[in-house]
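Here is the file data_37.txt (compact mmCIF, C-alpha atoms).
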```
# COMPACT_ATOMS: atom_id res chain seq x y z
CA MET P 1 101.49 6.04 -38.41
CA ALA P 2 100.37 2.65 -39.76
CA ASP P 3 101.42 3.64 -43.27
CA ASN P 4 104.83 4.65 -41.96
CA HIS P 5 105.18 1.33 -40.13
CA SER P 6 104.10 -0.52 -43.29
CA GLY P 7 106.67 1.39 -45.36
CA VAL P 8 109.45 0.54 -42.88
CA SER P 9 108.43 -3.14 -42.98
CA ARG P 10 108.50 -3.19 -46.78
CA GLY P 11 111.91 -1.52 -46.80
CA LEU P 12 113.26 -4.01 -44.26
CA TRP P 13 111.85 -6.94 -46.27
CA GLN P 14 113.43 -5.63 -49.48
CA THR P 15 116.76 -5.22 -47.70
CA LEU P 16 116.63 -8.75 -46.29
CA SER P 17 115.50 -10.15 -49.66
CA GLY P 18 118.37 -8.33 -51.36
CA LYS P 19 120.88 -9.75 -48.87
CA LYS P 20 119.41 -13.22 -49.35
CA HIS P 21 119.72 -12.84 -53.13
CA TRP P 22 123.38 -11.83 -52.90
CA LYS P 23 124.06 -14.62 -50.41
CA ARG P 24 122.63 -17.19 -52.85
CA LEU P 25 124.63 -15.71 -55.70
CA GLY P 26 127.80 -15.84 -53.61
CA LEU P 27 127.08 -19.45 -52.65
CA PHE P 28 126.58 -20.35 -56.32
CA PHE P 29 129.97 -18.89 -57.28
CA ALA P 30 131.57 -20.71 -54.34
CA LEU P 31 130.12 -24.08 -55.39
CA ILE P 32 130.46 -23.95 -59.19
CA GLY P 33 133.39 -25.56 -60.92
CA PRO P 34 132.95 -29.29 -61.64
CA GLY P 35 130.24 -28.81 -64.31
CA ILE P 36 131.88 -25.89 -66.10
CA ILE P 37 135.36 -27.46 -66.04
CA THR P 38 134.19 -30.90 -67.21
CA SER P 39 132.20 -29.55 -70.14
CA ASN P 40 134.79 -27.03 -71.30
CA VAL P 41 137.69 -29.45 -71.18
CA ASP P 42 135.84 -31.58 -73.71
CA ASN P 43 136.70 -28.85 -76.22
CA ASP P 44 140.18 -30.37 -76.41
CA ALA P 45 142.51 -30.70 -79.40
CA GLY P 46 140.39 -33.50 -80.89
CA GLY P 47 137.18 -31.57 -80.32
CA ILE P 48 138.47 -28.36 -81.89
CA THR P 49 139.76 -30.35 -84.87
CA THR P 50 136.34 -31.99 -85.29
CA TYR P 51 134.50 -28.65 -85.12
CA SER P 52 136.98 -27.10 -87.57
CA LEU P 53 136.50 -29.95 -90.03
CA ALA P 54 132.69 -29.76 -89.68
CA GLY P 55 132.72 -26.08 -90.65
CA ALA P 56 135.39 -26.37 -93.35
CA GLU P 57 133.77 -29.37 -95.08
CA TYR P 58 130.03 -28.75 -94.62
CA GLY P 59 129.72 -25.04 -93.95
CA LEU P 60 126.77 -24.10 -91.72
CA ALA P 61 124.88 -27.35 -92.42
CA LEU P 62 125.77 -29.01 -89.10
CA LEU P 63 125.27 -26.03 -86.77
CA TRP P 64 121.73 -27.11 -85.82
CA THR P 65 123.04 -30.38 -84.31
CA LEU P 66 124.49 -28.39 -81.40
CA ILE P 67 120.96 -27.85 -79.99
CA PRO P 68 120.09 -31.56 -79.37
CA ILE P 69 123.72 -32.27 -78.40
CA THR P 70 123.50 -29.61 -75.67
CA GLY P 71 120.26 -31.11 -74.35
CA VAL P 72 121.71 -34.62 -74.20
CA LEU P 73 124.88 -33.36 -72.50
CA ILE P 74 122.83 -31.62 -69.80
CA ILE P 75 120.79 -34.79 -69.12
CA ILE P 76 123.84 -37.04 -68.80
CA GLN P 77 125.94 -34.63 -66.74
CA GLU P 78 123.04 -33.84 -64.40
CA MET P 79 122.63 -37.53 -63.51
CA CYS P 80 126.34 -37.86 -62.72
CA ALA P 81 126.36 -34.74 -60.57
CA ARG P 82 123.24 -35.92 -58.73
CA MET P 83 124.81 -39.33 -58.01
CA GLY P 84 127.92 -37.58 -56.70
CA VAL P 85 126.18 -35.25 -54.25
CA VAL P 86 123.76 -37.92 -52.99
CA SER P 87 126.07 -40.96 -52.71
CA GLY P 88 129.32 -39.17 -51.88
CA LYS P 89 131.09 -41.69 -54.15
CA GLY P 90 132.63 -41.63 -57.62
CA LEU P 91 131.09 -43.45 -60.57
CA SER P 92 133.69 -46.24 -60.75
CA ASP P 93 133.32 -46.80 -56.99
CA LEU P 94 129.55 -47.31 -57.44
CA ILE P 95 130.06 -49.56 -60.48
CA ARG P 96 132.41 -51.81 -58.48
CA GLU P 97 129.97 -52.05 -55.57
CA ARG P 98 126.96 -52.72 -57.80
CA PHE P 99 128.41 -54.86 -60.61
CA GLY P 100 131.49 -56.50 -59.07
CA VAL P 101 135.28 -56.33 -59.35
CA ARG P 102 135.65 -58.41 -62.54
CA ILE P 103 133.49 -56.16 -64.73
CA THR P 104 135.09 -53.08 -63.20
CA PHE P 105 138.61 -54.41 -63.86
CA TYR P 106 138.06 -54.92 -67.60
CA LEU P 107 136.21 -51.62 -67.89
CA MET P 108 139.17 -49.81 -66.30
CA ILE P 109 141.63 -51.37 -68.79
CA VAL P 110 139.57 -50.20 -71.76
CA LEU P 111 139.04 -46.76 -70.25
CA PHE P 112 142.78 -46.36 -69.53
CA LEU P 113 143.66 -47.13 -73.17
CA ALA P 114 141.03 -44.72 -74.50
CA ASN P 115 142.13 -41.96 -72.13
CA LEU P 116 145.79 -42.50 -73.02
CA GLY P 117 144.95 -41.98 -76.69
CA ASN P 118 143.05 -38.80 -75.84
CA ALA P 119 145.93 -37.53 -73.67
CA ILE P 120 148.38 -38.14 -76.54
CA SER P 121 146.16 -36.11 -78.88
CA ASN P 122 146.19 -33.19 -76.43
CA PHE P 123 149.97 -33.06 -76.22
CA ALA P 124 149.93 -33.24 -80.02
CA GLY P 125 147.67 -30.16 -79.86
CA VAL P 126 150.19 -28.37 -77.61
CA ALA P 127 152.98 -29.16 -80.08
CA ALA P 128 150.94 -28.11 -83.12
CA SER P 129 149.72 -24.81 -81.65
CA LEU P 130 153.17 -23.66 -80.52
CA GLU P 131 154.79 -24.73 -83.80
CA ILE P 132 152.59 -22.02 -85.39
CA PHE P 133 154.52 -19.53 -83.24
CA GLY P 134 157.87 -21.11 -84.14
CA VAL P 135 158.40 -23.18 -80.98
CA SER P 136 159.74 -26.73 -81.48
CA ARG P 137 157.78 -29.63 -80.02
CA TYR P 138 160.99 -30.85 -78.36
CA ALA P 139 160.84 -27.73 -76.18
CA SER P 140 157.10 -27.17 -75.85
CA VAL P 141 155.97 -30.71 -74.97
CA PRO P 142 158.46 -31.45 -72.12
CA PHE P 143 157.86 -27.99 -70.62
CA SER P 144 154.07 -28.39 -70.84
CA ALA P 145 154.19 -31.87 -69.30
CA ALA P 146 156.32 -30.62 -66.41
CA PHE P 147 154.03 -27.63 -65.87
CA VAL P 148 150.74 -29.58 -65.70
CA TRP P 149 152.39 -32.21 -63.47
CA TRP P 150 153.69 -29.56 -61.06
CA LEU P 151 150.34 -27.73 -61.03
CA VAL P 152 148.43 -30.75 -59.75
CA VAL P 153 151.03 -32.47 -57.57
CA LYS P 154 151.98 -29.30 -55.69
CA GLY P 155 148.42 -27.92 -55.34
CA ASN P 156 145.16 -29.00 -53.73
CA TYR P 157 141.61 -29.25 -55.10
CA LYS P 158 140.79 -25.59 -54.41
CA SER P 159 143.93 -24.16 -56.05
CA VAL P 160 143.79 -26.52 -59.03
CA GLU P 161 140.10 -25.78 -59.63
CA LYS P 162 140.81 -22.04 -59.56
CA VAL P 163 143.45 -22.40 -62.30
CA PHE P 164 141.10 -24.56 -64.39
CA LEU P 165 138.27 -22.01 -64.06
CA TYR P 166 140.64 -19.29 -65.27
CA ALA P 167 141.53 -21.53 -68.22
CA CYS P 168 137.82 -21.69 -69.15
CA VAL P 169 137.81 -17.92 -69.63
CA PHE P 170 140.38 -18.19 -72.45
CA TYR P 171 137.87 -20.08 -74.59
CA LEU P 172 136.52 -16.58 -75.26
CA SER P 173 139.32 -16.29 -77.84
CA TYR P 174 137.20 -18.45 -80.17
CA ILE P 175 134.19 -16.19 -79.70
CA VAL P 176 136.30 -13.10 -80.44
CA SER P 177 137.87 -14.73 -83.51
CA GLY P 178 134.36 -15.70 -84.67
CA PHE P 179 133.22 -12.07 -84.66
CA MET P 180 136.44 -11.06 -86.42
CA GLY P 181 135.36 -13.28 -89.32
CA LYS P 182 132.41 -10.86 -89.94
CA PRO P 183 129.67 -13.52 -90.23
CA ASP P 184 126.34 -13.18 -92.02
CA TRP P 185 123.97 -13.63 -89.06
CA GLY P 186 120.95 -13.96 -91.35
CA ALA P 187 122.42 -17.03 -93.06
CA ILE P 188 123.43 -18.48 -89.69
CA GLY P 189 119.90 -18.04 -88.31
CA ALA P 190 118.46 -19.71 -91.40
CA SER P 191 120.69 -22.76 -90.85
CA PHE P 192 118.95 -23.31 -87.48
CA LEU P 193 115.45 -22.64 -88.79
CA ARG P 194 115.90 -25.05 -91.72
CA PRO P 195 118.01 -27.94 -90.35
CA GLU P 196 119.71 -29.94 -93.06
CA ILE P 197 120.16 -33.72 -93.14
CA ARG P 198 122.11 -35.35 -95.94
CA MET P 199 122.02 -39.11 -96.35
CA GLU P 200 125.72 -39.21 -97.20
CA ALA P 201 128.32 -41.30 -95.39
CA GLY P 202 130.65 -38.32 -94.83
CA PHE P 203 127.91 -36.04 -93.53
CA LEU P 204 126.48 -38.65 -91.15
CA THR P 205 129.96 -39.60 -89.92
CA MET P 206 130.73 -35.97 -89.15
CA ALA P 207 127.42 -35.63 -87.26
CA VAL P 208 128.26 -38.69 -85.18
CA GLY P 209 131.76 -37.30 -84.63
CA LEU P 210 130.31 -34.07 -83.24
CA ILE P 211 128.29 -36.08 -80.73
CA GLY P 212 131.24 -38.32 -79.85
CA THR P 213 133.62 -35.44 -79.26
CA THR P 214 131.09 -33.60 -77.05
CA ILE P 215 129.98 -36.56 -74.90
CA ALA P 216 132.94 -38.74 -73.89
CA PRO P 217 133.04 -41.57 -71.30
CA TRP P 218 135.82 -40.01 -69.20
CA MET P 219 133.67 -36.90 -68.59
CA GLN P 220 131.13 -38.80 -66.52
CA PHE P 221 133.81 -40.25 -64.24
CA TYR P 222 135.62 -36.93 -63.81
CA LEU P 223 132.49 -34.89 -63.08
CA GLN P 224 131.21 -37.24 -60.38
CA SER P 225 134.65 -37.60 -58.78
CA SER P 226 135.28 -33.85 -58.72
CA VAL P 227 131.85 -33.25 -57.16
CA VAL P 228 132.80 -35.70 -54.39
CA ASP P 229 136.34 -34.31 -54.00
CA LYS P 230 134.95 -30.78 -53.64
CA GLY P 231 132.73 -32.02 -50.80
CA LEU P 232 129.38 -31.06 -52.34
CA LYS P 233 126.31 -32.53 -50.64
CA ALA P 234 122.65 -33.16 -51.51
CA GLU P 235 121.65 -29.76 -50.11
CA ASN P 236 123.92 -28.19 -52.77
CA TYR P 237 122.17 -30.06 -55.59
CA GLN P 238 120.36 -27.03 -57.08
CA TYR P 239 123.66 -25.18 -57.42
CA ILE P 240 125.59 -28.04 -59.03
CA ARG P 241 122.67 -28.53 -61.44
CA MET P 242 122.98 -24.88 -62.51
CA ASP P 243 126.74 -25.42 -62.81
CA VAL P 244 126.15 -28.39 -65.16
CA ILE P 245 123.66 -26.46 -67.32
CA LEU P 246 125.96 -23.43 -67.57
CA GLY P 247 128.95 -25.61 -68.52
CA SER P 248 126.97 -27.51 -71.17
CA VAL P 249 125.79 -24.28 -72.77
CA MET P 250 129.30 -22.78 -72.68
CA VAL P 251 130.87 -25.74 -74.49
CA SER P 252 128.24 -25.55 -77.24
CA VAL P 253 128.69 -21.79 -77.67
CA VAL P 254 132.43 -22.28 -78.22
CA ALA P 255 131.73 -25.13 -80.66
CA PHE P 256 129.26 -22.89 -82.51
CA PHE P 257 131.83 -20.14 -83.06
CA ILE P 258 134.53 -22.58 -84.24
CA ILE P 259 132.19 -24.26 -86.78
CA MET P 260 130.78 -20.90 -87.88
CA LEU P 261 134.20 -19.27 -88.34
CA CYS P 262 135.54 -22.16 -90.41
CA ALA P 263 132.32 -22.23 -92.45
CA ILE P 264 132.37 -18.54 -93.42
CA THR P 265 136.09 -18.55 -94.22
CA LEU P 266 137.50 -21.95 -95.16
CA PHE P 267 134.33 -23.54 -96.60
CA GLN P 268 133.36 -20.49 -98.65
CA ASN P 269 136.86 -20.32 -100.14
CA GLY P 270 137.16 -24.07 -100.77
CA VAL P 271 140.09 -24.51 -98.36
CA LYS P 272 140.67 -28.12 -97.26
CA ILE P 273 142.18 -28.88 -93.84
CA GLU P 274 143.11 -31.97 -91.83
CA SER P 275 143.62 -30.53 -88.35
CA ALA P 276 142.98 -27.50 -86.11
CA LYS P 277 146.56 -26.36 -86.82
CA ASP P 278 145.75 -26.26 -90.55
CA ALA P 279 142.63 -24.23 -89.77
CA ALA P 280 144.57 -21.65 -87.74
CA GLN P 281 147.16 -21.22 -90.48
CA ALA P 282 144.56 -21.02 -93.25
CA LEU P 283 142.61 -18.29 -91.42
CA ALA P 284 145.45 -15.72 -91.66
CA PRO P 285 144.92 -14.67 -95.30
CA LEU P 286 141.12 -15.01 -95.05
CA ALA P 287 140.21 -13.43 -91.71
CA GLY P 288 143.42 -11.66 -90.68
CA GLU P 289 146.58 -12.55 -88.78
CA TYR P 290 145.14 -11.63 -85.38
CA CYS P 291 142.16 -13.96 -85.94
CA ALA P 292 144.57 -16.80 -86.79
CA TRP P 293 146.66 -16.10 -83.68
CA LEU P 294 143.56 -16.12 -81.45
CA PHE P 295 142.50 -19.45 -82.97
CA ALA P 296 145.97 -20.93 -82.37
CA PHE P 297 146.02 -19.56 -78.80
CA GLY P 298 142.65 -21.18 -78.17
CA LEU P 299 144.04 -24.51 -79.37
CA LEU P 300 147.03 -24.18 -77.00
CA ASN P 301 144.79 -23.33 -74.03
CA ALA P 302 142.38 -26.18 -74.80
CA SER P 303 145.20 -28.71 -75.25
CA LEU P 304 146.97 -27.74 -72.02
CA PHE P 305 143.67 -27.71 -70.15
CA ALA P 306 142.70 -31.19 -71.35
CA ALA P 307 146.25 -32.51 -70.89
CA SER P 308 145.79 -31.72 -67.18
CA ILE P 309 142.22 -32.99 -66.74
CA LEU P 310 142.35 -36.31 -68.63
CA PRO P 311 145.15 -37.79 -66.47
CA ILE P 312 143.33 -36.58 -63.33
CA SER P 313 140.14 -38.22 -64.57
CA THR P 314 141.99 -41.48 -65.23
CA ALA P 315 143.62 -41.45 -61.79
CA TYR P 316 140.29 -40.71 -60.09
CA THR P 317 138.51 -43.47 -62.00
CA ILE P 318 141.02 -46.28 -61.51
CA CYS P 319 141.82 -45.50 -57.87
CA GLU P 320 138.12 -45.35 -56.93
CA ALA P 321 137.53 -48.64 -58.74
CA PHE P 322 140.11 -50.44 -56.62
CA GLY P 323 139.50 -48.62 -53.34
CA TRP P 324 142.73 -46.58 -53.35
CA GLU P 325 142.98 -43.07 -51.95
CA SER P 326 142.01 -40.57 -54.66
CA SER P 327 141.93 -36.87 -53.89
CA LEU P 328 143.71 -33.69 -54.93
CA ASN P 329 143.57 -32.69 -51.26
CA ARG P 330 146.05 -35.47 -50.41
CA LYS P 331 149.81 -35.24 -50.76
CA PHE P 332 151.86 -37.56 -52.96
CA LEU P 333 152.84 -39.91 -50.11
CA GLU P 334 149.24 -40.03 -48.84
CA ALA P 335 147.85 -41.09 -52.25
CA PRO P 336 150.77 -42.72 -54.12
CA GLN P 337 148.60 -44.72 -56.53
CA PHE P 338 146.57 -41.63 -57.47
CA TYR P 339 149.57 -39.41 -58.17
CA GLY P 340 151.52 -42.32 -59.65
CA LEU P 341 148.82 -42.94 -62.25
CA TYR P 342 148.54 -39.21 -62.94
CA SER P 343 152.31 -38.96 -63.49
CA LEU P 344 152.34 -42.07 -65.70
CA MET P 345 149.62 -40.65 -67.97
CA ILE P 346 151.34 -37.27 -68.26
CA PHE P 347 154.86 -38.44 -69.07
CA LEU P 348 153.88 -41.48 -71.15
CA SER P 349 151.58 -39.48 -73.43
CA ALA P 350 154.05 -36.59 -73.70
CA GLY P 351 156.92 -39.00 -74.40
CA ILE P 352 155.04 -40.72 -77.22
CA ILE P 353 154.61 -37.36 -78.99
CA LEU P 354 158.40 -36.94 -79.07
CA LEU P 355 159.07 -40.34 -80.64
CA PRO P 356 159.79 -40.19 -84.38
CA ASP P 357 157.38 -41.85 -86.85
CA MET P 358 154.65 -42.49 -84.28
CA PRO P 359 151.23 -43.08 -85.94
CA LEU P 360 149.55 -40.22 -84.05
CA ILE P 361 146.53 -40.10 -86.33
CA GLY P 362 145.98 -43.84 -85.80
CA ILE P 363 146.29 -43.49 -82.03
CA MET P 364 143.80 -40.62 -81.96
CA PHE P 365 141.47 -42.48 -84.32
CA TYR P 366 141.31 -45.73 -82.36
CA SER P 367 140.91 -43.90 -79.03
CA GLN P 368 137.77 -42.29 -80.47
CA VAL P 369 136.52 -45.69 -81.65
CA ILE P 370 137.00 -47.05 -78.11
CA ASN P 371 135.17 -44.02 -76.71
CA GLY P 372 132.28 -44.69 -79.06
CA ALA P 373 132.15 -48.36 -78.08
CA ILE P 374 132.09 -47.93 -74.31
CA LEU P 375 129.93 -44.78 -74.04
CA PRO P 376 126.58 -46.66 -74.27
CA VAL P 377 127.84 -49.21 -71.72
CA ILE P 378 128.77 -46.45 -69.27
CA LEU P 379 125.38 -44.80 -69.76
CA ILE P 380 123.55 -48.07 -69.03
CA PHE P 381 125.57 -48.49 -65.82
CA MET P 382 124.66 -44.91 -64.88
CA LEU P 383 120.94 -45.41 -65.45
CA VAL P 384 120.86 -48.58 -63.37
CA LEU P 385 122.72 -46.79 -60.55
CA VAL P 386 120.69 -43.56 -60.64
CA ASN P 387 117.47 -45.60 -60.31
CA ASP P 388 118.73 -47.66 -57.34
CA ARG P 389 116.87 -46.37 -54.27
CA ARG P 390 119.47 -47.93 -51.96
CA ILE P 391 121.97 -45.46 -53.40
CA MET P 392 119.83 -42.48 -54.42
CA GLY P 393 116.85 -42.56 -52.04
CA LYS P 394 114.32 -39.93 -53.13
CA TYR P 395 116.74 -38.59 -55.76
CA VAL P 396 116.12 -41.42 -58.26
CA ASN P 397 115.02 -40.49 -61.78
CA GLY P 398 111.36 -39.68 -62.31
CA ARG P 399 109.33 -41.47 -65.00
CA LEU P 400 109.73 -38.69 -67.58
CA MET P 401 113.47 -38.40 -66.90
CA ASN P 402 113.85 -42.18 -67.34
CA CYS P 403 111.97 -42.12 -70.66
CA VAL P 404 114.16 -39.31 -71.97
CA SER P 405 117.33 -40.94 -70.59
CA TRP P 406 116.70 -44.40 -72.06
CA LEU P 407 115.76 -42.83 -75.41
CA THR P 408 119.05 -40.91 -75.25
CA VAL P 409 120.95 -44.12 -74.54
CA ALA P 410 119.23 -45.88 -77.45
CA VAL P 411 120.03 -43.07 -79.89
CA LEU P 412 123.63 -42.75 -78.70
CA SER P 413 124.07 -46.54 -78.91
CA VAL P 414 122.94 -46.57 -82.54
CA LEU P 415 125.12 -43.56 -83.39
CA SER P 416 128.16 -45.01 -81.56
CA LEU P 417 127.70 -48.32 -83.42
CA ALA P 418 127.43 -46.39 -86.67
CA LEU P 419 130.63 -44.48 -85.85
CA ILE P 420 132.53 -47.72 -85.19
CA VAL P 421 131.25 -49.45 -88.33
CA VAL P 422 131.91 -46.47 -90.61
CA SER P 423 135.33 -45.84 -89.05
CA LEU P 424 136.52 -49.43 -89.34
CA PHE P 425 135.02 -50.34 -92.72
```
Please re-express this file's structure in structure tokens.
Amino acid sequence: MADNHSGVSRGLWQTLSGKKHWKRLGLFFALIGPGIITSNVDNDAGGITTYSLAGAEYGLALLWTLIPITGVLIIIQEMCARMGVVSGKGLSDLIRERFGVRITFYLMIVLFLANLGNAISNFAGVAASLEIFGVSRYASVPFSAAFVWWLVVKGNYKSVEKVFLYACVFYLSYIVSGFMGKPDWGAIGASFLRPEIRMEAGFLTMAVGLIGTTIAPWMQFYLQSSVVDKGLKAENYQYIRMDVILGSVMVSVVAFFIIMLCAITLFQNGVKIESAKDAAQALAPLAGEYCAWLFAFGLLNASLFAASILPISTAYTICEAFGWESSLNRKFLEAPQFYGLYSLMIFLSAGIILLPDMPLIGIMFYSQVINGAILPVILIFMLVLVNDRRIMGKYVNGRLMNCVSWLTVAVLSVLSLALIVVSLF
């Protein structure tokens, strides 16, 4: 009788444990979004171009850098997410409260200019990807601008996030196209086991470019703001941390397949490219027409995705800095500054693409230089804030986390300075 009772108890416990497990899993899927979206959108037109160039020019030599880059991205994004769930405020809001209006004002001007350059590059990516399929930029860019504007203005946070999460799925096209290239996995594994460092200006610049395109200043503002806008709290911290880790790994996996595909096709055949569009077109005779189409489709998805997120990030950042209403759950008349800034970024960046003889390469170039210059500054602000017990309470960084974080800031500062010096001189 006792054994029977014990067996019933074990069965009941297993049932309850199973229900608890599924409940936690369901809660995780309900709360994820900000980390995955923020990381994946960083694989924008500029990012895909950088990865394509890294593979086409240096083969598999730079693949190993994705491991430390992923670790640094997780550290930085985790701090932002933690500040968001604990403080309930966006990053620019906390910077204004802690460092004053004057510093915040000048920081917002620089950030707006950098984000505008990035937004222009994404509409350039839309134009380039659809031109591969025979669609003129004078049709594709206005339609794309109208679509991303309508998506955000007519939706709310929940509906917009759902669309963005679906967009993340289409990054699988790069993974599929990578397998279609029939890679030599033994050679790829060896590139990780024997990391290569070349003391050449071009090689080091490309390595810095990979870091710069994966960790951008706007990402920190968007992640923290979206965590707040979604209404996540400190009790949800473990789930948002998993969301951040998953997103950081996903972005690096996509980067891996882009670099690898270009390395085993373009690099091995001595094909030179200048953009992701060139890479897609060059893949057709080397890896097949379907592989080239998947690559071009990935560029279109990434460009549209980023063309939506970057203006939202800018609107979040500036409105929080000046105390204006900033939420996707508000209507246009309830948050006119937020939607006004979003609309300005969309139509200004799209309009610039349609102007003849615009120095698009120069605009994209100097926006990356600005990104490199302000990234260490943003990270220093973040570390001061995340260690302020008045804001974070018991959720401040531990000693080990601070050592790793400050070392990360120091390394990124040196690399960002190197990127600026090499780029300008």
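Using only C-alpha atoms for every distance, the candidate list P:Leu328, P:Tyr174, P:Gln77, P:Asp184 yields P:Tyr174 as the residue closest to Gly298 in chain P.
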In Å, rounded to a single decimal, give me how far CA of Ile69 in chain P is from CA of Ile103 in chain P.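 CA of Ile69 in chain P lies at a distance of 29.2 Å from CA of Ile103 in chain P.
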Exercise on range 58-74 of chain P, axis-aligned box with 3 Å per side, report centre and edge lengths in Å to one decimal, as lines of an AutoDock Vina configuration file:
```
center_x = 125.1
center_y = -29.4
center_z = -82.2
size_x = 15.9
size_y = 16.5
size_z = 30.8
```
Could you list as a PyMOL selection string every residue that has an atom within 12 Å of (159.0, -28.0, -75.9), using the file's coordinates and counting all atoms listed in the file? chain P and resi 123-124+126-131+134-147+350-351+353-354
As a ChimeraX atom specification, please: the residues near range 300-314 of chain P (cut-off 9 Å, all atoms listed in the file, same-chain neighbours under 5 positions excluded). /P:37-38,40-46,48,108,111-112,115-116,118-130,144-145,148-149,151-152,164,167-168,170-171,218-219,221-223,225-226,295,319,328,338-339,341-346
Nearest to Met382 in chain P among P:Val110, P:Ala54, P:Ile75, P:Leu294, with distances taken over all atoms listed in the file: which residue is it?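 Checking each of P:Val110, P:Ala54, P:Ile75, P:Leu294 against Met382 in chain P, counting all atoms listed in the file, the winner is P:Ile75.
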Compare P:Gly212, P:Phe133, P:Gly393, P:Lys158 by their minimum atom-to-atom distance to Leu417 in chain P, counting only C-alpha atoms, and give me the closest one.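 Using only C-alpha atoms, the shortest distance to Leu417 in chain P belongs to P:Gly212.
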Counting all atoms listed in the file, which of P:Lys277, P:Arg330, P:Lys230, P:Lys272 gets nearest to Asn156 in chain P?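 Using all atoms listed in the file, Asn156 in chain P sits closest to P:Arg330.
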What does the distance from CA of Met392 in chain P to CA of Arg82 in chain P come to in Å, to one decimal?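 The value is 8.6 Å.
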How many Å separate CA of Ile258 in chain P from CA of Ile245 in chain P? 20.5 Å
Distance criterion (all atoms listed in the file): nearest to Ile109 in chain P out of P:Leu73, P:Gly189, P:Ile370, P:Val163: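 Checking each of P:Leu73, P:Gly189, P:Ile370, P:Val163 against Ile109 in chain P, counting all atoms listed in the file, the winner is P:Ile370.
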Restricting the calculation to all atoms listed in the file, which member of P:Thr265, P:Thr104, P:Ser405, P:Ser92 is positioned closest to Gly55 in chain P?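 Checking each candidate against Gly55 in chain P, we get P:Thr265 as the closest.
Counting all atoms listed in the file, Asn371 in chain P has the following residues at most 7 Å away, ignoring those fewer than 5 positions along the same chain: Ala114, Ala216 and Pro217 of chain P.
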Compute the distance from (133.1, -24.1, -86.2) to each atom, counting all atoms listed in the file, keep the residues with any atom at most 10 Å away, and return them as a list in words; use the coordinates of the file.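 Residues satisfying the cut-off, written out: Ile48, Thr49, Thr50, Tyr51, Ser52, Leu53, Ala54, Gly55, Ala56, Gly59, Leu60, Leu62, Leu63, Tyr174, Gly178, Val253, Val254, Ala255, Phe256, Phe257, Ile258, Ile259, Met260, Leu261, Cys262, Ala263 and Ile264 of chain P.
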Could you add the missing atoms to range 105-117 of chain P, up to N, CA and C atoms, and return them as a PDB file, in the coordinates of the input?
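Contents of the output file out17.pdb:
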```pdb
ATOM      1  N   PHE P 105     137.211 -54.268 -63.451  1.00  0.00           N
ATOM      2  CA  PHE P 105     138.610 -54.410 -63.860  1.00  0.00           C
ATOM      3  C   PHE P 105     138.763 -54.271 -65.369  1.00  0.00           C
ATOM      4  N   TYR P 106     137.952 -54.982 -66.135  1.00  0.00           N
ATOM      5  CA  TYR P 106     138.060 -54.920 -67.600  1.00  0.00           C
ATOM      6  C   TYR P 106     137.629 -53.551 -68.130  1.00  0.00           C
ATOM      7  N   LEU P 107     136.646 -52.957 -67.489  1.00  0.00           N
ATOM      8  CA  LEU P 107     136.210 -51.620 -67.890  1.00  0.00           C
ATOM      9  C   LEU P 107     137.327 -50.602 -67.683  1.00  0.00           C
ATOM     10  N   MET P 108     138.077 -50.742 -66.587  1.00  0.00           N
ATOM     11  CA  MET P 108     139.170 -49.810 -66.300  1.00  0.00           C
ATOM     12  C   MET P 108     140.306 -49.942 -67.320  1.00  0.00           C
ATOM     13  N   ILE P 109     140.587 -51.172 -67.773  1.00  0.00           N
ATOM     14  CA  ILE P 109     141.630 -51.370 -68.790  1.00  0.00           C
ATOM     15  C   ILE P 109     141.258 -50.639 -70.083  1.00  0.00           C
ATOM     16  N   VAL P 110     140.022 -50.840 -70.524  1.00  0.00           N
ATOM     17  CA  VAL P 110     139.570 -50.200 -71.760  1.00  0.00           C
ATOM     18  C   VAL P 110     139.570 -48.683 -71.615  1.00  0.00           C
ATOM     19  N   LEU P 111     139.105 -48.197 -70.475  1.00  0.00           N
ATOM     20  CA  LEU P 111     139.040 -46.760 -70.250  1.00  0.00           C
ATOM     21  C   LEU P 111     140.437 -46.143 -70.200  1.00  0.00           C
ATOM     22  N   PHE P 112     141.399 -46.855 -69.594  1.00  0.00           N
ATOM     23  CA  PHE P 112     142.780 -46.360 -69.530  1.00  0.00           C
ATOM     24  C   PHE P 112     143.350 -46.191 -70.937  1.00  0.00           C
ATOM     25  N   LEU P 113     143.131 -47.189 -71.801  1.00  0.00           N
ATOM     26  CA  LEU P 113     143.660 -47.130 -73.170  1.00  0.00           C
ATOM     27  C   LEU P 113     143.024 -45.978 -73.954  1.00  0.00           C
ATOM     28  N   ALA P 114     141.711 -45.815 -73.801  1.00  0.00           N
ATOM     29  CA  ALA P 114     141.030 -44.720 -74.500  1.00  0.00           C
ATOM     30  C   ALA P 114     141.520 -43.366 -74.009  1.00  0.00           C
ATOM     31  N   ASN P 115     141.668 -43.228 -72.692  1.00  0.00           N
ATOM     32  CA  ASN P 115     142.130 -41.960 -72.130  1.00  0.00           C
ATOM     33  C   ASN P 115     143.572 -41.657 -72.515  1.00  0.00           C
ATOM     34  N   LEU P 116     144.399 -42.705 -72.615  1.00  0.00           N
ATOM     35  CA  LEU P 116     145.790 -42.500 -73.020  1.00  0.00           C
ATOM     36  C   LEU P 116     145.833 -41.944 -74.442  1.00  0.00           C
ATOM     37  N   GLY P 117     145.017 -42.494 -75.325  1.00  0.00           N
ATOM     38  CA  GLY P 117     144.950 -41.980 -76.690  1.00  0.00           C
ATOM     39  C   GLY P 117     144.506 -40.529 -76.733  1.00  0.00           C
TER      40      GLY P 117
END
```
